[in-house]
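S.K.: File follows, structure36.cif with mmCIF, C-alpha atoms:
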data_input
#
loop_
_atom_site.group_PDB
_atom_site.id
_atom_site.type_symbol
_atom_site.label_atom_id
_atom_site.label_comp_id
_atom_site.auth_asym_id
_atom_site.auth_seq_id
_atom_site.Cartn_x
_atom_site.Cartn_y
_atom_site.Cartn_z
ATOM 1 C CA MET A 1 -21.572 -12.432 24.090
ATOM 2 C CA ILE A 2 -23.205 -11.093 20.894
ATOM 3 C CA LEU A 3 -22.526 -13.135 17.766
ATOM 4 C CA VAL A 4 -22.865 -12.066 14.124
ATOM 5 C CA SER A 5 -24.228 -14.779 11.861
ATOM 6 C CA PRO A 6 -21.772 -15.619 9.037
ATOM 7 C CA MET A 7 -24.781 -16.131 6.741
ATOM 8 C CA THR A 8 -26.427 -12.730 7.361
ATOM 9 C CA THR A 9 -25.819 -9.425 9.113
ATOM 10 C CA LYS A 10 -28.213 -10.406 11.888
ATOM 11 C CA LEU A 11 -27.008 -10.303 15.475
ATOM 12 C CA PHE A 12 -27.666 -13.067 17.990
ATOM 13 C CA ALA A 13 -26.916 -13.605 21.667
ATOM 14 C CA TYR A 14 -27.141 -16.533 24.044
ATOM 15 C CA LEU A 15 -29.254 -15.737 27.108
ATOM 16 C CA SER A 16 -28.541 -19.079 28.787
ATOM 17 C CA TYR A 17 -25.555 -20.618 30.533
ATOM 18 C CA PRO A 18 -23.951 -23.890 29.450
ATOM 19 C CA LEU A 19 -24.149 -26.606 32.073
ATOM 20 C CA ALA A 20 -20.798 -27.142 33.789
ATOM 21 C CA PRO A 21 -19.399 -28.739 36.954
ATOM 22 C CA ASP A 22 -19.474 -25.345 38.721
ATOM 23 C CA THR A 23 -23.121 -24.593 37.869
ATOM 24 C CA PRO A 24 -24.765 -23.372 41.105
ATOM 25 C CA ALA A 25 -27.725 -25.367 42.407
ATOM 26 C CA TYR A 26 -30.715 -24.201 44.434
ATOM 27 C CA GLY A 27 -30.030 -25.090 48.044
ATOM 28 C CA GLY A 28 -26.282 -25.099 47.520
ATOM 29 C CA GLU A 29 -26.000 -28.726 46.422
ATOM 30 C CA SER A 30 -22.419 -29.578 45.494
ATOM 31 C CA ASN A 31 -21.519 -31.743 42.503
ATOM 32 C CA ALA A 32 -24.963 -31.055 41.046
ATOM 33 C CA ILE A 33 -23.847 -32.330 37.649
ATOM 34 C CA THR A 34 -21.530 -35.199 36.841
ATOM 35 C CA ILE A 35 -19.999 -35.640 33.403
ATOM 36 C CA GLN A 36 -18.346 -39.008 32.955
ATOM 37 C CA SER A 37 -16.379 -39.946 29.870
ATOM 38 C CA THR A 38 -17.549 -43.267 28.437
ATOM 39 C CA ARG A 39 -15.433 -43.320 25.271
ATOM 40 C CA SER A 40 -12.222 -41.411 24.583
ATOM 41 C CA MET A 41 -10.182 -40.947 21.430
ATOM 42 C CA GLU A 42 -7.208 -40.063 23.670
ATOM 43 C CA LYS A 43 -7.402 -43.647 24.930
ATOM 44 C CA GLY A 44 -7.434 -45.038 21.400
ATOM 45 C CA GLU A 45 -11.187 -45.493 21.086
ATOM 46 C CA SER A 46 -13.078 -44.621 17.911
ATOM 47 C CA CYS A 47 -14.948 -41.563 19.240
ATOM 48 C CA ASN A 48 -15.603 -39.339 22.228
ATOM 49 C CA ALA A 49 -18.775 -39.854 24.286
ATOM 50 C CA SER A 50 -19.914 -39.159 27.831
ATOM 51 C CA HIS A 51 -22.677 -39.806 30.344
ATOM 52 C CA TRP A 52 -24.371 -36.847 32.032
ATOM 53 C CA SER A 53 -26.309 -36.836 35.294
ATOM 54 C CA PHE A 54 -28.070 -33.738 36.672
ATOM 55 C CA SER A 55 -31.390 -32.376 37.924
ATOM 56 C CA ASN A 56 -33.869 -31.098 35.342
ATOM 57 C CA HIS A 57 -33.963 -27.854 37.363
ATOM 58 C CA LEU A 58 -30.258 -27.096 37.153
ATOM 59 C CA GLY A 59 -28.761 -24.127 35.338
ATOM 60 C CA THR A 60 -30.846 -22.139 32.884
ATOM 61 C CA HIS A 61 -34.108 -24.074 32.861
ATOM 62 C CA ILE A 62 -37.854 -23.643 32.551
ATOM 63 C CA ASP A 63 -40.603 -24.649 34.970
ATOM 64 C CA ALA A 64 -43.821 -26.032 33.471
ATOM 65 C CA PRO A 65 -47.154 -26.163 35.358
ATOM 66 C CA PHE A 66 -46.682 -29.886 36.105
ATOM 67 C CA HIS A 67 -43.824 -28.845 38.416
ATOM 68 C CA PHE A 68 -46.432 -27.866 41.045
ATOM 69 C CA PHE A 69 -49.745 -29.179 39.681
ATOM 70 C CA GLN A 70 -50.586 -32.791 38.884
ATOM 71 C CA ASN A 71 -53.044 -31.660 36.183
ATOM 72 C CA GLY A 72 -50.640 -29.079 34.732
ATOM 73 C CA LYS A 73 -49.008 -29.198 31.313
ATOM 74 C CA THR A 74 -45.611 -30.806 30.868
ATOM 75 C CA ILE A 75 -42.791 -29.612 28.622
ATOM 76 C CA THR A 76 -43.856 -31.901 25.788
ATOM 77 C CA ASP A 77 -47.481 -30.693 25.901
ATOM 78 C CA TYR A 78 -46.502 -27.392 24.263
ATOM 79 C CA PRO A 79 -46.353 -26.970 20.464
ATOM 80 C CA ALA A 80 -43.133 -25.827 18.792
ATOM 81 C CA GLU A 81 -44.392 -22.286 18.153
ATOM 82 C CA PHE A 82 -45.009 -21.727 21.860
ATOM 83 C CA TRP A 83 -41.262 -21.381 22.428
ATOM 84 C CA ILE A 84 -40.818 -18.431 20.035
ATOM 85 C CA PHE A 85 -41.416 -14.994 21.555
ATOM 86 C CA ASN A 86 -41.751 -11.885 19.411
ATOM 87 C CA LYS A 87 -42.716 -9.102 21.805
ATOM 88 C CA ILE A 88 -40.184 -8.892 24.606
ATOM 89 C CA CYS A 89 -40.299 -6.500 27.540
ATOM 90 C CA MET A 90 -36.939 -5.940 29.236
ATOM 91 C CA ILE A 91 -37.035 -4.773 32.843
ATOM 92 C CA PHE A 92 -33.964 -3.472 34.669
ATOM 93 C CA LEU A 93 -33.982 -3.654 38.461
ATOM 94 C CA PRO A 94 -30.452 -3.731 39.942
ATOM 95 C CA LEU A 95 -30.350 -5.661 43.228
ATOM 96 C CA ASP A 96 -27.361 -6.627 45.339
ATOM 97 C CA GLU A 97 -29.230 -8.740 47.880
ATOM 98 C CA GLY A 98 -32.245 -10.981 48.054
ATOM 99 C CA ARG A 99 -35.817 -9.773 48.483
ATOM 100 C CA TRP A 100 -39.211 -10.325 46.915
ATOM 101 C CA ILE A 101 -39.770 -8.351 43.713
ATOM 102 C CA THR A 102 -43.199 -6.724 43.633
ATOM 103 C CA TRP A 103 -45.574 -5.252 41.063
ATOM 104 C CA GLU A 104 -44.580 -1.766 42.198
ATOM 105 C CA ASP A 105 -40.909 -2.530 41.476
ATOM 106 C CA ILE A 106 -41.479 -3.187 37.791
ATOM 107 C CA SER A 107 -44.816 -1.646 36.771
ATOM 108 C CA ASP A 108 -43.259 1.557 35.420
ATOM 109 C CA GLN A 109 -41.199 -0.451 32.902
ATOM 110 C CA MET A 110 -43.933 -2.896 32.025
ATOM 111 C CA ASP A 111 -45.420 -3.491 28.568
ATOM 112 C CA THR A 112 -48.675 -5.307 29.315
ATOM 113 C CA SER A 113 -48.936 -6.523 25.700
ATOM 114 C CA ALA A 114 -45.620 -8.434 25.806
ATOM 115 C CA ASP A 115 -45.410 -12.224 25.509
ATOM 116 C CA LEU A 116 -42.081 -12.454 27.389
ATOM 117 C CA PHE A 117 -40.671 -10.474 30.307
ATOM 118 C CA LEU A 118 -36.913 -10.521 30.972
ATOM 119 C CA ILE A 119 -35.965 -9.146 34.394
ATOM 120 C CA LYS A 120 -32.315 -8.150 34.773
ATOM 121 C CA THR A 121 -31.232 -7.583 38.368
ATOM 122 C CA GLU A 122 -27.468 -8.028 37.773
ATOM 123 C CA PHE A 123 -27.538 -10.595 40.591
ATOM 124 C CA SER A 124 -25.885 -13.000 38.131
ATOM 125 C CA TYR A 125 -22.572 -11.216 38.771
ATOM 126 C CA ARG A 126 -22.606 -13.060 42.101
ATOM 127 C CA ARG A 127 -23.353 -16.434 40.512
ATOM 128 C CA GLN A 128 -20.273 -18.161 41.950
ATOM 129 C CA GLU A 129 -20.880 -16.862 45.478
ATOM 130 C CA GLN A 130 -22.915 -18.542 48.209
ATOM 131 C CA ILE A 131 -25.324 -15.601 48.306
ATOM 132 C CA TYR A 132 -26.514 -16.498 44.782
ATOM 133 C CA TRP A 133 -28.531 -19.456 46.063
ATOM 134 C CA GLU A 134 -28.761 -18.606 49.767
ATOM 135 C CA ASN A 135 -30.234 -15.090 49.586
ATOM 136 C CA ASN A 136 -31.419 -14.552 46.019
ATOM 137 C CA PRO A 137 -34.216 -12.241 44.854
ATOM 138 C CA GLY A 138 -37.576 -13.839 44.086
ATOM 139 C CA LEU A 139 -40.864 -13.070 42.362
ATOM 140 C CA GLY A 140 -43.732 -12.955 44.836
ATOM 141 C CA ALA A 141 -47.107 -14.662 44.538
ATOM 142 C CA GLU A 142 -48.969 -11.344 44.370
ATOM 143 C CA LEU A 143 -46.865 -10.338 41.355
ATOM 144 C CA GLY A 144 -47.720 -13.597 39.595
ATOM 145 C CA LEU A 145 -51.440 -13.098 40.118
ATOM 146 C CA ARG A 146 -51.378 -9.513 38.886
ATOM 147 C CA LEU A 147 -49.338 -10.383 35.806
ATOM 148 C CA ARG A 148 -51.867 -13.056 34.875
ATOM 149 C CA GLU A 149 -54.718 -10.582 35.331
ATOM 150 C CA GLN A 150 -53.205 -7.628 33.483
ATOM 151 C CA CYS A 151 -50.839 -9.147 30.883
ATOM 152 C CA PRO A 152 -53.043 -11.482 28.835
ATOM 153 C CA ASN A 153 -50.350 -12.281 26.230
ATOM 154 C CA LEU A 154 -47.597 -13.065 28.739
ATOM 155 C CA ARG A 155 -46.420 -16.681 28.367
ATOM 156 C CA ALA A 156 -43.112 -16.657 30.239
ATOM 157 C CA VAL A 157 -40.966 -14.611 32.599
ATOM 158 C CA GLY A 158 -37.183 -15.019 32.677
ATOM 159 C CA PHE A 159 -34.700 -13.612 35.161
ATOM 160 C CA ASP A 160 -31.013 -13.629 36.089
ATOM 161 C CA PHE A 161 -31.182 -15.274 39.524
ATOM 162 C CA ILE A 162 -31.268 -18.910 40.513
ATOM 163 C CA SER A 163 -34.966 -19.425 41.215
ATOM 164 C CA LEU A 164 -38.325 -17.707 41.465
ATOM 165 C CA SER A 165 -38.300 -19.021 45.031
ATOM 166 C CA ARG A 166 -36.182 -17.526 47.815
ATOM 167 C CA TRP A 167 -34.221 -19.982 49.932
ATOM 168 C CA GLN A 168 -34.859 -17.660 52.890
ATOM 169 C CA ASP A 169 -38.654 -18.048 52.449
ATOM 170 C CA ARG A 170 -39.399 -21.403 50.850
ATOM 171 C CA GLU A 171 -43.075 -21.330 51.821
ATOM 172 C CA GLY A 172 -43.442 -18.016 50.002
ATOM 173 C CA GLY A 173 -41.579 -19.564 47.082
ATOM 174 C CA ARG A 174 -44.049 -22.425 46.808
ATOM 175 C CA ALA A 175 -46.943 -19.958 46.845
ATOM 176 C CA ALA A 176 -45.226 -17.907 44.139
ATOM 177 C CA HIS A 177 -44.673 -20.934 41.886
ATOM 178 C CA GLN A 178 -48.323 -21.847 42.311
ATOM 179 C CA ALA A 179 -49.487 -18.322 41.469
ATOM 180 C CA PHE A 180 -47.549 -18.295 38.200
ATOM 181 C CA LEU A 181 -48.147 -21.923 37.158
ATOM 182 C CA ASP A 182 -51.697 -22.693 38.347
ATOM 183 C CA PRO A 183 -53.523 -24.284 35.374
ATOM 184 C CA ASN A 184 -56.882 -23.328 36.927
ATOM 185 C CA GLY A 185 -56.056 -19.712 37.754
ATOM 186 C CA ILE A 186 -56.984 -16.495 35.964
ATOM 187 C CA GLY A 187 -55.724 -16.563 32.387
ATOM 188 C CA GLU A 188 -53.024 -18.960 31.238
ATOM 189 C CA PRO A 189 -50.088 -20.127 33.366
ATOM 190 C CA ILE A 190 -46.897 -18.078 33.044
ATOM 191 C CA LEU A 191 -43.858 -20.301 32.647
ATOM 192 C CA LEU A 192 -40.638 -19.480 34.487
ATOM 193 C CA VAL A 193 -37.143 -19.332 32.979
ATOM 194 C CA GLU A 194 -34.723 -19.402 35.897
ATOM 195 C CA ASP A 195 -30.986 -18.645 36.113
ATOM 196 C CA MET A 196 -30.707 -16.809 32.784
ATOM 197 C CA ASP A 197 -27.576 -15.108 31.479
ATOM 198 C CA LEU A 198 -28.744 -11.541 30.793
ATOM 199 C CA ARG A 199 -25.363 -9.860 31.041
ATOM 200 C CA THR A 200 -25.386 -8.765 27.388
ATOM 201 C CA LEU A 201 -28.680 -6.891 27.728
ATOM 202 C CA ASP A 202 -28.785 -3.155 28.290
ATOM 203 C CA LYS A 203 -31.329 -0.387 27.897
ATOM 204 C CA GLU A 204 -30.049 0.556 24.434
ATOM 205 C CA LEU A 205 -30.561 -2.942 23.055
ATOM 206 C CA GLU A 206 -33.751 -4.056 21.319
ATOM 207 C CA LEU A 207 -34.710 -7.687 20.849
ATOM 208 C CA ASP A 208 -36.501 -8.840 17.723
ATOM 209 C CA SER A 209 -37.299 -12.328 19.022
ATOM 210 C CA VAL A 210 -36.278 -14.838 21.663
ATOM 211 C CA TRP A 211 -36.214 -18.613 21.230
ATOM 212 C CA ILE A 212 -36.442 -20.715 24.395
ATOM 213 C CA VAL A 213 -35.587 -24.285 23.416
ATOM 214 C CA PRO A 214 -36.112 -26.901 26.153
ATOM 215 C CA LEU A 215 -34.591 -30.345 26.330
ATOM 216 C CA ARG A 216 -37.669 -32.378 25.417
ATOM 217 C CA VAL A 217 -38.124 -35.303 27.786
ATOM 218 C CA ASP A 218 -41.607 -36.797 27.621
ATOM 219 C CA GLY A 219 -43.775 -35.779 30.570
ATOM 220 C CA SER A 220 -41.163 -33.515 32.170
ATOM 221 C CA ASP A 221 -42.163 -30.882 34.746
ATOM 222 C CA GLY A 222 -39.232 -28.714 33.670
ATOM 223 C CA ALA A 223 -36.102 -28.853 31.582
ATOM 224 C CA PRO A 224 -32.784 -27.162 30.846
ATOM 225 C CA VAL A 225 -33.135 -24.663 28.010
ATOM 226 C CA THR A 226 -30.966 -22.987 25.436
ATOM 227 C CA VAL A 227 -32.133 -19.397 24.971
ATOM 228 C CA ILE A 228 -31.167 -17.452 21.850
ATOM 229 C CA ALA A 229 -32.098 -13.822 21.217
ATOM 230 C CA GLN A 230 -32.157 -12.160 17.826
ATOM 231 C CA LEU A 231 -31.259 -8.493 18.170
ATOM 232 C CA LYS A 232 -32.690 -5.655 16.148
ATOM 233 C CA SER A 233 -29.937 -4.216 14.008
ATOM 234 C CA SER A 234 -29.237 -0.481 14.267
ATOM 235 C CA SER A 235 -28.356 -0.367 10.576
ATOM 236 C CA PRO A 236 -30.123 -1.731 7.465
ATOM 237 C CA ASN A 237 -29.336 -5.342 6.462
#
Would you write the structure of this file as structure tokens?

M.R.:
Amino acid sequence: MILVSPMTTKLFAYLSYPLAPDTPAYGGESNAITIQSTRSMEKGESCNASHWSFSNHLGTHIDAPFHFFQNGKTITDYPAEFWIFNKICMIFLPLDEGRWITWEDISDQMDTSADLFLIKTEFSYRRQEQIYWENNPGLGAELGLRLREQCPNLRAVGFDFISLSRWQDREGGRAAHQAFLDPNGIGEPILLVEDMDLRTLDKELELDSVWIVPLRVDGSDGAPVTVIAQLKSSSPN
């Protein structure tokens, strides 16, 4: 959904899903989030409040290097400006089944000067099906290494499937996470924004900036994020 700000003529879009009881979880875990009411105005209490319980890798979330490396940065190690991206490369690669995405798949659409890649496969249209977690696409380790070598400004990659890792090849998924997140590898680690909502994006759309705002829990290896894109207007403000 694209929203027009009531304060300006600027256009904005959410690129993240809200957490909900039907949010799919990697590995097919059921009841991955519980939301329990603790105070209710319907019951005559003074306010509404609730208790939430869920994994920090559920829904639209970001992986930090500490997820796979003990000496890697955590979510709270990054300064505020790190989460604002101003040169976005959108890559369109329609897929209807799971496989590893390679350098050759995306190199012809690649802007090596970008600070954020968004990969739209349209796999999110199957988000409520078992295939979404059981046979999802993934980003291979070789792709991570080449991106770090050839895209020196790239700080994050986001995509519209449940995880960088493929449930059908978990060993390959661990190697891929390590290739992207290794704090001692070539260049800087590339953070991973998993399970994004990219349905509003198309090839005619241009993004001015993207804000990836994590839930800041001290020392976290990853966190749910709210992602907001500011769109370039086709007409003068």

S.K.: Step by step, work through what the PyMOL selection byres ((chain A and resi 138) around 7) selects in the shown file, and finish by giving those residues as an NGL selection string.

M.R.: :A and (99-101 or 136-137 or 139-140 or 163-166)

S.K.: Distance atom CA of Leu205 of chain A-atom CA of Met90 of chain A, one decimal place?

M.R.: 9.4 Å

S.K.: Excluding segment 108-120 of chain A and residues on its chain fewer than 4 positions from it, collect all residues at most 10 Å away from it, counting all atoms listed in the file, and give them as a PyMOL selection string.

M.R.: chain A and resi 84-95+103-104+124+147+150-161+190-193+196-199+201-202+209-210

S.K.: Apply the PyMOL selection byres ((chain A and resi 26) around 9) to the displayed file and report the matching residues as a list of chain:residue names.

M.R.: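 This file, filtered by the PyMOL selection byres ((chain A and resi 26) around 9), leaves A:Pro24, A:Ala25, A:Gly27, A:Gly28, A:Glu29, A:His57, A:Leu58, A:Tyr132, A:Trp133, A:Glu134, A:Ile162, A:Ser163, A:Trp167.
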
S.K.: Which residue gives the smallest distance to Gln168 of chain A among A:Gly222, A:Phe82, A:Ser55, A:Glu97, with all atoms listed in the file counted?

M.R.: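 Smallest separation from Gln168 of chain A among the options: A:Glu97.
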
S.K.: For the provided coordinates, the residues matched by the PyMOL selection byres ((chain A and resi 66-73) around 10) should be stated as a ChimeraX atom specification.

M.R.: /A:57,62-65,74-78,174-175,177-178,181-184,189,219-222

S.K.: What separation in Å, quoted to one decimal, exists between atom CA of Ile106 of chain A and atom CA of Ala141 of chain A?

M.R.: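 Between atom CA of Ile106 of chain A and atom CA of Ala141 of chain A the gap works out to 14.5 Å.
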
S.K.: State, in Å with one decimal place, the distance from atom CA of Ala229 of chain A to atom CA of Leu19 of chain A.

M.R.: 18.6 Å

S.K.: Tell me which of A:Met41, A:Ala20, A:Ile131, A:Ala176 sits closest to Ser53 of chain A, counting all atoms listed in the file.

M.R.: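 Among A:Met41, A:Ala20, A:Ile131, A:Ala176, it is A:Ala20 that comes nearest to Ser53 of chain A.
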